[in-house]
Amino acid sequence: ATGTSTAPAPAKTPVVTEKRYTLADVARHAVETDCWMAIDGSVYDLTAYLPEHPTRPSVIVPWCGKEASEAYRTKTKGRPHSPEATQLLATYRLGALAGP
Ligand code: HEM
């Protein structure tokens, strides 16, 4: 015997289940070179975007590893990001924020 299980794998259903991450998962990616954020119920890997963000890094990097909905909504300056920014944000989405 090879040790490999002979039990049949459960049948796959055609339901698409998106990945889910907790805030604890997000918190493990809290640096500029590995930066996740939770924004409005979704989790994003923004590592590749940080060098493109049109501010100095110190404006956005503090939100790496955090729940950043309010920061995104207000830019911490009381003004929202553009619809183009929100479209761009969607391209970095990993999955849903899980849990309470
Ligand atoms: C969550 C923390 C963030 C903060 C505090 C923040 C803050 C800012 C600030 C201060 C500006 C300069 C323009 C202005 O002052 O109005 C800006 C512009 C911009 N940011 Fe962010 N940002 C954040 C996250 C993001 C993310 C996650 C994206 C997209 C992936 C993004 C995309 C952009 C874009 C495209 C602009 C150009 C102006 C616009 O389209 O609204 N930002 N942001």
# chains A, B, ... in the order shown; residues from 1 in each chain; ligands from 1
call {"tool": "residues_around", "arguments": {"residues": "Gly65 in chain A", "least_positions_apart": "6", "cutoff": "7 Å", "atoms": "only C-alpha atoms", "output": "ChimeraX atom specification"}}
result
/A:26-30,35-37
call {"tool": "residues_around", "arguments": {"residues": "Trp63 in chain A", "least_positions_apart": "4", "cutoff": "12 Å", "atoms": "only C-alpha atoms", "output": "ChimeraX atom specification"}}
result
/A:26-27,29-32,34-39,44-47,50,57-59,67-72,75-76
call {"tool": "write_last_selection", "arguments": {"atoms": "C-alpha atoms", "output": "mmCIF file, in the first residue's frame"}}
result
data_model
loop_
_atom_site.group_PDB
_atom_site.id
_atom_site.type_symbol
_atom_site.label_atom_id
_atom_site.label_comp_id
_atom_site.auth_asym_id
_atom_site.auth_seq_id
_atom_site.Cartn_x
_atom_site.Cartn_y
_atom_site.Cartn_z
ATOM 1 C CA VAL A 26 -5.880 40.093 6.698
ATOM 2 C CA ALA A 27 -3.753 41.065 9.707
ATOM 3 C CA HIS A 29 -0.435 40.850 5.530
ATOM 4 C CA ALA A 30 0.280 44.183 7.163
ATOM 5 C CA VAL A 31 3.431 45.475 5.491
ATOM 6 C CA GLU A 32 4.160 47.428 2.322
ATOM 7 C CA ASP A 34 2.642 42.176 1.540
ATOM 8 C CA CYS A 35 -0.446 44.320 1.951
ATOM 9 C CA TRP A 36 -4.030 43.100 2.289
ATOM 10 C CA MET A 37 -7.015 45.217 3.285
ATOM 11 C CA ALA A 38 -10.660 44.548 4.093
ATOM 12 C CA ILE A 39 -12.932 47.106 2.437
ATOM 13 C CA TYR A 44 -8.001 42.755 -1.347
ATOM 14 C CA ASP A 45 -4.312 42.084 -1.973
ATOM 15 C CA LEU A 46 -3.020 45.575 -2.751
ATOM 16 C CA THR A 47 0.691 44.768 -2.709
ATOM 17 C CA LEU A 50 0.822 50.362 -3.627
ATOM 18 C CA PRO A 57 3.243 55.492 0.666
ATOM 19 C CA SER A 58 2.687 56.768 4.207
ATOM 20 C CA VAL A 59 -0.893 57.711 3.258
ATOM 21 C CA GLU A 67 -10.285 46.973 8.041
ATOM 22 C CA ALA A 68 -9.974 50.027 5.775
ATOM 23 C CA SER A 69 -13.544 50.753 4.645
ATOM 24 C CA GLU A 70 -13.714 54.172 6.260
ATOM 25 C CA ALA A 71 -10.235 55.164 5.070
ATOM 26 C CA TYR A 72 -11.144 54.143 1.529
ATOM 27 C CA LYS A 75 -9.357 59.116 1.907
ATOM 28 C CA THR A 76 -9.082 60.222 5.558
#
call {"tool": "residues_around", "arguments": {"residues": "range 7-21 of chain A", "least_positions_apart": "6", "cutoff": "6 Å", "atoms": "only C-alpha atoms", "output": "list in words"}}
result
Gly95, Ala96, Leu97 and Ala98 of chain A
call {"tool": "select_by_dssp", "arguments": {"residues": "chain A", "states": "helix (DSSP H, G or I)", "output": "PyMOL selection string"}}
result
chain A and resi 23-27+50-52+57-59+61-63+69-74+83-90
call {"tool": "select_by_dssp", "arguments": {"residues": "chain A", "states": "strand (DSSP E)", "output": "PyMOL selection string"}}
result
chain A and resi 20-21+30-31+34-39+42-45+66-67+93-97
call {"tool": "write_last_selection", "arguments": {"atoms": "N, CA and C atoms", "output": "PDB file, in the first residue's frame"}}
result
ATOM      1  N   ARG A  20     -13.095  32.944   1.361  1.00  0.00           N
ATOM      2  CA  ARG A  20     -13.460  33.786   2.492  1.00  0.00           C
ATOM      3  C   ARG A  20     -12.248  33.944   3.403  1.00  0.00           C
ATOM      4  N   TYR A  21     -12.084  35.138   3.905  1.00  0.00           N
ATOM      5  CA  TYR A  21     -10.943  35.442   4.771  1.00  0.00           C
ATOM      6  C   TYR A  21     -11.446  36.199   5.989  1.00  0.00           C
ATOM      7  N   ALA A  30       0.389  42.823   6.645  1.00  0.00           N
ATOM      8  CA  ALA A  30       0.280  44.183   7.163  1.00  0.00           C
ATOM      9  C   ALA A  30       1.490  45.055   6.857  1.00  0.00           C
ATOM     10  N   VAL A  31       2.251  44.675   5.831  1.00  0.00           N
ATOM     11  CA  VAL A  31       3.431  45.475   5.491  1.00  0.00           C
ATOM     12  C   VAL A  31       3.380  45.884   4.015  1.00  0.00           C
ATOM     13  N   ASP A  34       3.651  43.247   1.444  1.00  0.00           N
ATOM     14  CA  ASP A  34       2.642  42.176   1.540  1.00  0.00           C
ATOM     15  C   ASP A  34       1.424  42.794   2.226  1.00  0.00           C
ATOM     16  N   CYS A  35       0.567  43.409   1.417  1.00  0.00           N
ATOM     17  CA  CYS A  35      -0.446  44.320   1.951  1.00  0.00           C
ATOM     18  C   CYS A  35      -1.857  43.915   1.547  1.00  0.00           C
ATOM     19  N   TRP A  36      -2.608  43.371   2.520  1.00  0.00           N
ATOM     20  CA  TRP A  36      -4.030  43.100   2.289  1.00  0.00           C
ATOM     21  C   TRP A  36      -4.857  44.120   3.064  1.00  0.00           C
ATOM     22  N   MET A  37      -6.050  44.390   2.551  1.00  0.00           N
ATOM     23  CA  MET A  37      -7.015  45.217   3.285  1.00  0.00           C
ATOM     24  C   MET A  37      -8.405  44.633   3.138  1.00  0.00           C
ATOM     25  N   ALA A  38      -9.229  44.854   4.168  1.00  0.00           N
ATOM     26  CA  ALA A  38     -10.660  44.548   4.093  1.00  0.00           C
ATOM     27  C   ALA A  38     -11.392  45.862   3.856  1.00  0.00           C
ATOM     28  N   ILE A  39     -12.177  45.894   2.773  1.00  0.00           N
ATOM     29  CA  ILE A  39     -12.932  47.106   2.437  1.00  0.00           C
ATOM     30  C   ILE A  39     -14.345  46.692   2.043  1.00  0.00           C
ATOM     31  N   SER A  42     -15.166  42.935   1.443  1.00  0.00           N
ATOM     32  CA  SER A  42     -14.276  42.150   0.594  1.00  0.00           C
ATOM     33  C   SER A  42     -12.843  42.305   1.067  1.00  0.00           C
ATOM     34  N   VAL A  43     -12.023  41.323   0.668  1.00  0.00           N
ATOM     35  CA  VAL A  43     -10.603  41.350   1.026  1.00  0.00           C
ATOM     36  C   VAL A  43      -9.797  41.523  -0.255  1.00  0.00           C
ATOM     37  N   TYR A  44      -8.809  42.409  -0.181  1.00  0.00           N
ATOM     38  CA  TYR A  44      -8.001  42.755  -1.347  1.00  0.00           C
ATOM     39  C   TYR A  44      -6.518  42.569  -1.047  1.00  0.00           C
ATOM     40  N   ASP A  45      -5.777  42.092  -2.040  1.00  0.00           N
ATOM     41  CA  ASP A  45      -4.312  42.084  -1.973  1.00  0.00           C
ATOM     42  C   ASP A  45      -3.820  43.276  -2.791  1.00  0.00           C
ATOM     43  N   LYS A  66      -5.494  45.821   7.701  1.00  0.00           N
ATOM     44  CA  LYS A  66      -6.589  46.364   8.511  1.00  0.00           C
ATOM     45  C   LYS A  66      -7.938  46.387   7.785  1.00  0.00           C
ATOM     46  N   GLU A  67      -8.960  46.644   8.560  1.00  0.00           N
ATOM     47  CA  GLU A  67     -10.285  46.973   8.041  1.00  0.00           C
ATOM     48  C   GLU A  67     -10.195  48.440   7.610  1.00  0.00           C
ATOM     49  N   ARG A  93      -9.310  42.073  -5.872  1.00  0.00           N
ATOM     50  CA  ARG A  93     -10.137  41.349  -4.898  1.00  0.00           C
ATOM     51  C   ARG A  93      -9.712  39.889  -4.772  1.00  0.00           C
ATOM     52  N   LEU A  94      -9.560  39.430  -3.519  1.00  0.00           N
ATOM     53  CA  LEU A  94      -9.242  38.018  -3.255  1.00  0.00           C
ATOM     54  C   LEU A  94     -10.500  37.214  -2.946  1.00  0.00           C
ATOM     55  N   GLY A  95     -11.455  37.818  -2.241  1.00  0.00           N
ATOM     56  CA  GLY A  95     -12.656  37.100  -1.838  1.00  0.00           C
ATOM     57  C   GLY A  95     -13.431  37.914  -0.820  1.00  0.00           C
ATOM     58  N   ALA A  96     -14.302  37.198  -0.093  1.00  0.00           N
ATOM     59  CA  ALA A  96     -15.182  37.868   0.862  1.00  0.00           C
ATOM     60  C   ALA A  96     -14.557  37.910   2.248  1.00  0.00           C
ATOM     61  N   LEU A  97     -14.927  38.923   3.003  1.00  0.00           N
ATOM     62  CA  LEU A  97     -14.555  38.987   4.419  1.00  0.00           C
ATOM     63  C   LEU A  97     -15.513  38.084   5.189  1.00  0.00           C
TER      64      LEU A  97
END
call {"tool": "closest_residue", "arguments": {"among": "A:Gly99, A:Asp25, A:Pro54, A:Ala48", "to": "His81 in chain A", "atoms": "only C-alpha atoms"}}
result
A:Pro54
call {"tool": "atom_distance", "arguments": {"atom1": "atom 36 (C, counted along the ligand's line) of ligand 1", "atom2": "CA of Thr55 in chain A"}}
result
8.1 Å
call {"tool": "decode", "arguments": {"residues": "range 57-81 of chain A", "atoms": "N, CA and C atoms", "output": "mmCIF file, in the first residue's frame"}}
result
data_model
loop_
_atom_site.group_PDB
_atom_site.id
_atom_site.type_symbol
_atom_site.label_atom_id
_atom_site.label_comp_id
_atom_site.auth_asym_id
_atom_site.auth_seq_id
_atom_site.Cartn_x
_atom_site.Cartn_y
_atom_site.Cartn_z
ATOM 1 N N PRO A 57 3.667 56.754 0.051
ATOM 2 C CA PRO A 57 3.243 55.492 0.666
ATOM 3 C C PRO A 57 2.657 55.663 2.062
ATOM 4 N N SER A 58 3.128 56.634 2.814
ATOM 5 C CA SER A 58 2.687 56.768 4.207
ATOM 6 C C SER A 58 1.195 57.063 4.329
ATOM 7 N N VAL A 59 0.552 57.457 3.221
ATOM 8 C CA VAL A 59 -0.893 57.711 3.258
ATOM 9 C C VAL A 59 -1.683 56.408 3.264
ATOM 10 N N ILE A 60 -1.189 55.403 2.568
ATOM 11 C CA ILE A 60 -1.966 54.185 2.368
ATOM 12 C C ILE A 60 -1.422 52.984 3.150
ATOM 13 N N VAL A 61 -0.117 52.925 3.340
ATOM 14 C CA VAL A 61 0.506 51.762 3.996
ATOM 15 C C VAL A 61 -0.009 51.511 5.420
ATOM 16 N N PRO A 62 -0.359 52.539 6.185
ATOM 17 C CA PRO A 62 -0.861 52.258 7.535
ATOM 18 C C PRO A 62 -2.113 51.382 7.555
ATOM 19 N N TRP A 63 -2.794 51.258 6.426
ATOM 20 C CA TRP A 63 -4.021 50.459 6.368
ATOM 21 C C TRP A 63 -3.753 49.024 5.949
ATOM 22 N N CYS A 64 -2.548 48.701 5.614
ATOM 23 C CA CYS A 64 -2.228 47.301 5.294
ATOM 24 C C CYS A 64 -2.517 46.432 6.514
ATOM 25 N N GLY A 65 -3.222 45.315 6.306
ATOM 26 C CA GLY A 65 -3.552 44.394 7.380
ATOM 27 C C GLY A 65 -4.792 44.766 8.162
ATOM 28 N N LYS A 66 -5.494 45.821 7.701
ATOM 29 C CA LYS A 66 -6.589 46.364 8.511
ATOM 30 C C LYS A 66 -7.938 46.387 7.785
ATOM 31 N N GLU A 67 -8.960 46.644 8.560
ATOM 32 C CA GLU A 67 -10.285 46.973 8.041
ATOM 33 C C GLU A 67 -10.195 48.440 7.610
ATOM 34 N N ALA A 68 -10.285 48.696 6.304
ATOM 35 C CA ALA A 68 -9.974 50.027 5.775
ATOM 36 C C ALA A 68 -11.149 50.667 5.051
ATOM 37 N N SER A 69 -12.374 50.224 5.366
ATOM 38 C CA SER A 69 -13.544 50.753 4.645
ATOM 39 C C SER A 69 -13.663 52.273 4.787
ATOM 40 N N GLU A 70 -13.533 52.735 6.019
ATOM 41 C CA GLU A 70 -13.714 54.172 6.260
ATOM 42 C C GLU A 70 -12.588 54.982 5.608
ATOM 43 N N ALA A 71 -11.374 54.470 5.692
ATOM 44 C CA ALA A 71 -10.235 55.164 5.070
ATOM 45 C C ALA A 71 -10.423 55.245 3.565
ATOM 46 N N TYR A 72 -10.928 54.130 2.974
ATOM 47 C CA TYR A 72 -11.144 54.143 1.529
ATOM 48 C C TYR A 72 -12.267 55.101 1.169
ATOM 49 N N ARG A 73 -13.326 55.076 1.991
ATOM 50 C CA ARG A 73 -14.512 55.895 1.682
ATOM 51 C C ARG A 73 -14.198 57.380 1.764
ATOM 52 N N THR A 74 -13.270 57.768 2.624
ATOM 53 C CA THR A 74 -13.040 59.201 2.885
ATOM 54 C C THR A 74 -11.639 59.678 2.497
ATOM 55 N N LYS A 75 -10.765 58.771 2.113
ATOM 56 C CA LYS A 75 -9.357 59.116 1.907
ATOM 57 C C LYS A 75 -8.748 59.741 3.158
ATOM 58 N N THR A 76 -9.412 59.582 4.281
ATOM 59 C CA THR A 76 -9.082 60.222 5.558
ATOM 60 C C THR A 76 -9.100 61.747 5.451
ATOM 61 N N LYS A 77 -9.722 62.268 4.384
ATOM 62 C CA LYS A 77 -9.790 63.713 4.152
ATOM 63 C C LYS A 77 -11.213 64.154 3.851
ATOM 64 N N GLY A 78 -12.177 63.270 4.087
ATOM 65 C CA GLY A 78 -13.571 63.641 3.885
ATOM 66 C C GLY A 78 -14.001 63.693 2.434
ATOM 67 N N ARG A 79 -13.240 63.058 1.546
ATOM 68 C CA ARG A 79 -13.687 62.997 0.150
ATOM 69 C C ARG A 79 -13.520 61.589 -0.390
ATOM 70 N N PRO A 80 -14.468 61.169 -1.220
ATOM 71 C CA PRO A 80 -14.463 59.781 -1.684
ATOM 72 C C PRO A 80 -13.482 59.553 -2.823
ATOM 73 N N HIS A 81 -13.116 58.278 -3.023
ATOM 74 C CA HIS A 81 -12.405 57.892 -4.235
ATOM 75 C C HIS A 81 -13.356 57.955 -5.423
#
